[in-house]
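Colleague: Before anything else, here's the structure in question.
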Amino acid sequence: MVSIHAHDLHLNYQVREKLTLRPRDKRLPQTGGTISGTGAHRFVTALDGVSFELEAGDRLGLVGANGAGKTTLLKVLYGIYEPTAGSLDIRGKVDALFNINLGFRPEATGRRNILLRGLINGWTEAQIAERTEEIIEFSELGEFIDMPFKSYSQGMGARLAFSIATTLDPEILLMDEWIGAGDASFQKKATDRMNKLAEKAGIIVLASHSEELLAKTCNKRLELEKGRVKAFG
Ligand SMILES: Nc1ncnc2c1ncn2[C@@H]1O[C@H](COP(=O)(O)OP(=O)(O)OP(=O)(O)O)[C@@H](O)[C@H]1O
């Protein structure tokens with residue numbers, strides 16, 4: 001059974017800076033985490049005691065102002081960053097759709113990128129071959145699937161990335177504001193597919209600034225403010 005249990009997660013980024021004689025600006029920033037320390041020991045606290053639990057079927061919407069910590073939390077859940085403190089227990093295979101173009105070869109065709117992307121995600125060639133037609137069909141890219149990825153528009157890239165990431169049955173899918181790139185008809189299809197995925201006992205975590213999208217897609221909401229949980233429910 002898939003689940004995510006996060007308890008009191010902290011994440012500090014260390015930011016090395018040259019020493020300057022400039023006085024520090026004492027104004028509190030409106031956006032971003034909390035800055036502390038000086039010189040080579042400056043830190044940004046991006047996550048500050050974040051706790052929540054998700055079970056199979058949950059679709060969590062992550063909200064918060066710019067710099068509130070949404071992307072950082074997704075990266076901690078994906079294992080890119082180790083939390084500075086706190087505990088994280090994840091059951092299930094995690095896939096992520098962060099930057100749409102990340103992991104795509106611009107010179108390779110869409111079809112070849114399906115194979116490469118699938119291999120990176122740990123699928124066998126046979127598994128990928130079995131699903132390739134379904135991926136192409138869902139993406140509605142038609143003949144463009146045999147054109148190089150660099151000839152795609154942003155929305156076309158988003159269609160392909162989403163189709164690959166969701167066709168290979170992820171157990172836990174993390175997404176960062178990707179969906180805005182798709183047009184209205186694709187967003188509708190994508191929302192239906194995410195609902196089906198979540199019904200198949202998966203977990204979806206989606207960071208977005210669109211309340212409308214989150215209301216359509218998610219059953220839970222976690223609001224971050226300066227790295228702290230402002231509301232969860
Ligand atoms: N690599 C990094 N080094 C230092 N600080 C960082 C780094 N990445 C993010 N931060 C800081 O961590 C805090 C949280 O950033 P994060 O990208 O998680 O915010 P976000 O909620 O995703 O914002 P947005 O809505 O703008 O995408 C910010 O204060 C940011 O300045």
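Residue names in the structure tokens use chain letters A, B, ... in the order shown, residue numbers from 1 in each chain, and ligand numbers from 1 in the order shown.
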Could you find all residues in segment 37-70 of chain A that DSSP calls helix (DSSP H, G or I) from the backbone, and write them as a list of chain:residue names?
Modeller: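 Across segment 37-70 of chain A, those assigned helix (DSSP H, G or I) are A:Gly39, A:Ala40, A:His41, A:Lys70.
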Colleague: Within 8 Å of ligand 1 (counting only C-alpha atoms and all ligand atoms), which residues show up? I'd like them as a ChimeraX atom specification.
Modeller: /A:12-15,31-35,43-47,63-73,207-209,224,226-227
Colleague: Using the selection just defined, write its residues with C-alpha atoms as a PDB file, in the first residue's frame.
Modeller:
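Listing of again25.pdb after writing:
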```pdb
ATOM      1  CA  ASN A  12      18.232  24.468   5.052  1.00  0.00           C
ATOM      2  CA  TYR A  13      20.037  25.608   1.934  1.00  0.00           C
ATOM      3  CA  GLN A  14      23.552  26.848   2.547  1.00  0.00           C
ATOM      4  CA  VAL A  15      24.341  29.938   0.485  1.00  0.00           C
ATOM      5  CA  THR A  31       8.554  36.103  -0.133  1.00  0.00           C
ATOM      6  CA  GLY A  32      10.920  33.169   0.361  1.00  0.00           C
ATOM      7  CA  GLY A  33      12.136  31.271   3.406  1.00  0.00           C
ATOM      8  CA  THR A  34      14.015  32.670   6.389  1.00  0.00           C
ATOM      9  CA  ILE A  35      17.607  33.875   5.899  1.00  0.00           C
ATOM     10  CA  PHE A  43      21.340  29.687   5.286  1.00  0.00           C
ATOM     11  CA  VAL A  44      17.885  29.844   3.827  1.00  0.00           C
ATOM     12  CA  THR A  45      15.423  27.792   5.840  1.00  0.00           C
ATOM     13  CA  ALA A  46      13.118  26.569   3.084  1.00  0.00           C
ATOM     14  CA  LEU A  47      11.229  23.945   5.143  1.00  0.00           C
ATOM     15  CA  VAL A  63       0.006  26.005  -2.397  1.00  0.00           C
ATOM     16  CA  GLY A  64       1.851  29.046  -1.104  1.00  0.00           C
ATOM     17  CA  ALA A  65       3.434  32.298  -2.286  1.00  0.00           C
ATOM     18  CA  ASN A  66       6.659  32.395  -4.368  1.00  0.00           C
ATOM     19  CA  GLY A  67       9.461  30.939  -2.290  1.00  0.00           C
ATOM     20  CA  ALA A  68       7.132  29.327   0.273  1.00  0.00           C
ATOM     21  CA  GLY A  69       8.896  25.966  -0.154  1.00  0.00           C
ATOM     22  CA  LYS A  70       6.677  23.994  -2.546  1.00  0.00           C
ATOM     23  CA  THR A  71       9.410  22.955  -4.995  1.00  0.00           C
ATOM     24  CA  THR A  72      11.786  22.224  -2.140  1.00  0.00           C
ATOM     25  CA  LEU A  73       9.223  19.917  -0.546  1.00  0.00           C
ATOM     26  CA  ALA A 207       2.258  22.219  -6.653  1.00  0.00           C
ATOM     27  CA  SER A 208       0.364  25.013  -8.365  1.00  0.00           C
ATOM     28  CA  HIS A 209      -0.712  28.636  -8.091  1.00  0.00           C
ATOM     29  CA  LEU A 224       3.020  26.604   3.025  1.00  0.00           C
ATOM     30  CA  LYS A 226       7.849  30.672   4.682  1.00  0.00           C
ATOM     31  CA  GLY A 227       8.503  26.936   4.891  1.00  0.00           C
TER      32      GLY A 227
END
```
Colleague: Choose the residue, out of A:Glu53, A:Glu140, A:Asp58, A:Asp95, that has the smallest atom-to-atom separation from Ile203 of chain A; count only C-alpha atoms.
Modeller: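 Nearest candidate to Ile203 of chain A out of A:Glu53, A:Glu140, A:Asp58, A:Asp95: A:Asp58.
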Colleague: If I take atom CA of Thr109 of chain A and atom CA of Asp146 of chain A, how far is one from the other in Å, to one decimal?
Modeller: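 If I compute the distance from atom CA of Thr109 of chain A to atom CA of Asp146 of chain A, I get 5.2 Å.
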Colleague: Excluding Asn121 of chain A and residues on its chain fewer than 3 positions from it, collect all residues at most 10 Å away from it, counting only C-alpha atoms, and give them as a PyMOL selection string.
Modeller: chain A and resi 93-96+115-118+124+165+168+170
Colleague: Keeping only N, CA and C atoms, write the selected residues to a file as a PDB file, in the first residue's frame.
Modeller:
```pdb
ATOM      1  N   LYS A  93       6.701   3.566  -5.402  1.00  0.00           N
ATOM      2  CA  LYS A  93       7.697   4.069  -6.342  1.00  0.00           C
ATOM      3  C   LYS A  93       7.323   5.498  -6.728  1.00  0.00           C
ATOM      4  N   VAL A  94       8.298   6.401  -6.605  1.00  0.00           N
ATOM      5  CA  VAL A  94       8.018   7.815  -6.847  1.00  0.00           C
ATOM      6  C   VAL A  94       8.511   8.240  -8.231  1.00  0.00           C
ATOM      7  N   ASP A  95       7.623   8.852  -9.004  1.00  0.00           N
ATOM      8  CA  ASP A  95       8.006   9.469 -10.276  1.00  0.00           C
ATOM      9  C   ASP A  95       7.715  10.951 -10.181  1.00  0.00           C
ATOM     10  N   ALA A  96       8.431  11.741 -10.971  1.00  0.00           N
ATOM     11  CA  ALA A  96       8.230  13.185 -10.862  1.00  0.00           C
ATOM     12  C   ALA A  96       8.180  13.851 -12.225  1.00  0.00           C
ATOM     13  N   LEU A 115      11.224   6.137 -25.186  1.00  0.00           N
ATOM     14  CA  LEU A 115      12.088   5.023 -24.767  1.00  0.00           C
ATOM     15  C   LEU A 115      13.094   5.491 -23.707  1.00  0.00           C
ATOM     16  N   LEU A 116      13.759   6.617 -23.987  1.00  0.00           N
ATOM     17  CA  LEU A 116      14.804   7.085 -23.061  1.00  0.00           C
ATOM     18  C   LEU A 116      14.201   7.425 -21.698  1.00  0.00           C
ATOM     19  N   ARG A 117      13.090   8.105 -21.724  1.00  0.00           N
ATOM     20  CA  ARG A 117      12.448   8.527 -20.489  1.00  0.00           C
ATOM     21  C   ARG A 117      12.006   7.302 -19.672  1.00  0.00           C
ATOM     22  N   GLY A 118      11.452   6.326 -20.386  1.00  0.00           N
ATOM     23  CA  GLY A 118      11.012   5.099 -19.725  1.00  0.00           C
ATOM     24  C   GLY A 118      12.182   4.376 -19.066  1.00  0.00           C
ATOM     25  N   THR A 124      11.416  -1.636 -18.243  1.00  0.00           N
ATOM     26  CA  THR A 124      12.142  -2.448 -19.212  1.00  0.00           C
ATOM     27  C   THR A 124      11.719  -2.042 -20.629  1.00  0.00           C
ATOM     28  N   ALA A 165       4.708  10.016 -18.206  1.00  0.00           N
ATOM     29  CA  ALA A 165       4.762   9.867 -16.742  1.00  0.00           C
ATOM     30  C   ALA A 165       3.531   9.174 -16.186  1.00  0.00           C
ATOM     31  N   LEU A 168       2.912   4.885 -17.518  1.00  0.00           N
ATOM     32  CA  LEU A 168       3.668   3.784 -16.923  1.00  0.00           C
ATOM     33  C   LEU A 168       3.326   3.606 -15.440  1.00  0.00           C
ATOM     34  N   PRO A 170       2.633   5.170 -12.399  1.00  0.00           N
ATOM     35  CA  PRO A 170       3.419   5.524 -11.215  1.00  0.00           C
ATOM     36  C   PRO A 170       2.594   5.283  -9.955  1.00  0.00           C
TER      37      PRO A 170
END
```
Colleague: Could you give me, as a ChimeraX atom specification, the residues within 10 Å of segment 181-196 of chain A, counting only C-alpha atoms and dropping anything in the same chain fewer than 2 positions from it?
Modeller: /A:57-59,100,138-140,153-159,162-163,166-167,173,177-179,198-204,213-214,216-219
Colleague: How about saving the chosen residues, C-alpha atoms kept, as a short mmCIF file (atom, residue, chain, number, x, y, z; two decimals), in the first residue's frame?
Modeller:
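The new file selection-v4.cif reads:
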```
data_model
loop_
_atom_site.label_atom_id
_atom_site.label_comp_id
_atom_site.auth_asym_id
_atom_site.auth_seq_id
_atom_site.Cartn_x
_atom_site.Cartn_y
_atom_site.Cartn_z
CA GLY A 57 -5.91 7.69 -3.32
CA ASP A 58 -4.87 11.10 -1.99
CA ARG A 59 -4.29 13.96 -4.43
CA ILE A 100 8.78 19.59 -18.49
CA PHE A 138 -2.92 10.10 -25.34
CA SER A 139 -0.48 12.85 -26.28
CA GLU A 140 -2.36 13.46 -29.60
CA SER A 153 5.92 23.87 -28.62
CA GLN A 154 5.93 24.06 -24.82
CA GLY A 155 2.42 22.62 -24.64
CA MET A 156 3.33 19.75 -26.99
CA GLY A 157 6.31 18.94 -24.78
CA ALA A 158 4.03 19.01 -21.75
CA ARG A 159 1.60 16.62 -23.44
CA PHE A 162 2.56 13.97 -18.95
CA SER A 163 1.54 11.06 -21.18
CA THR A 166 1.18 8.72 -16.28
CA THR A 167 1.02 5.78 -18.70
CA LEU A 173 3.52 11.11 -8.88
CA GLU A 177 3.08 23.52 -12.04
CA TRP A 178 3.48 21.70 -15.36
CA ILE A 179 -0.14 21.59 -16.31
CA ALA A 198 -5.35 8.26 -7.77
CA GLU A 199 -8.27 5.81 -7.76
CA LYS A 200 -5.81 3.02 -8.63
CA ALA A 201 -4.37 3.52 -5.14
CA GLY A 202 -1.74 6.05 -6.17
CA ILE A 203 -0.76 9.33 -4.53
CA ILE A 204 -0.42 12.58 -6.45
CA LEU A 213 -6.88 23.56 -11.06
CA LEU A 214 -6.30 22.38 -7.50
CA LYS A 216 -10.66 20.24 -9.79
CA THR A 217 -7.78 17.87 -9.19
CA CYS A 218 -7.07 17.50 -5.48
CA ASN A 219 -8.85 16.18 -2.41
#
```
Colleague: Residues near Asp89 of chain A, anyone? I mean within 10 Å using only C-alpha atoms, not counting same-chain ones fewer than 4 positions away, as a list in words.
Modeller: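 Close residues of Asp89 of chain A: Ser3, Ile4, His5, Ala6, His7, Glu53 and Leu77 of chain A.
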Colleague: Selection from above, N, CA and C atoms, as a tab-separated table (two decimals), in the first residue's frame, can you write it?
Modeller:
```tsv
chain	number	residue	atom	x	y	z
A	3	SER	N	2.02	5.12	0.67
A	3	SER	CA	1.76	6.14	1.69
A	3	SER	C	2.97	7.07	1.80
A	4	ILE	N	2.72	8.28	2.31
A	4	ILE	CA	3.80	9.22	2.62
A	4	ILE	C	3.56	9.73	4.03
A	5	HIS	N	4.53	9.51	4.89
A	5	HIS	CA	4.45	10.06	6.25
A	5	HIS	C	5.64	11.00	6.45
A	6	ALA	N	5.34	12.28	6.57
A	6	ALA	CA	6.40	13.27	6.78
A	6	ALA	C	6.23	13.84	8.17
A	7	HIS	N	7.32	13.84	8.93
A	7	HIS	CA	7.23	14.35	10.29
A	7	HIS	C	8.31	15.38	10.57
A	53	GLU	N	0.46	13.59	6.43
A	53	GLU	CA	0.38	12.17	6.05
A	53	GLU	C	-0.55	12.01	4.88
A	77	LEU	N	10.70	15.03	-1.29
A	77	LEU	CA	9.90	13.81	-1.46
A	77	LEU	C	10.49	12.91	-2.55
```
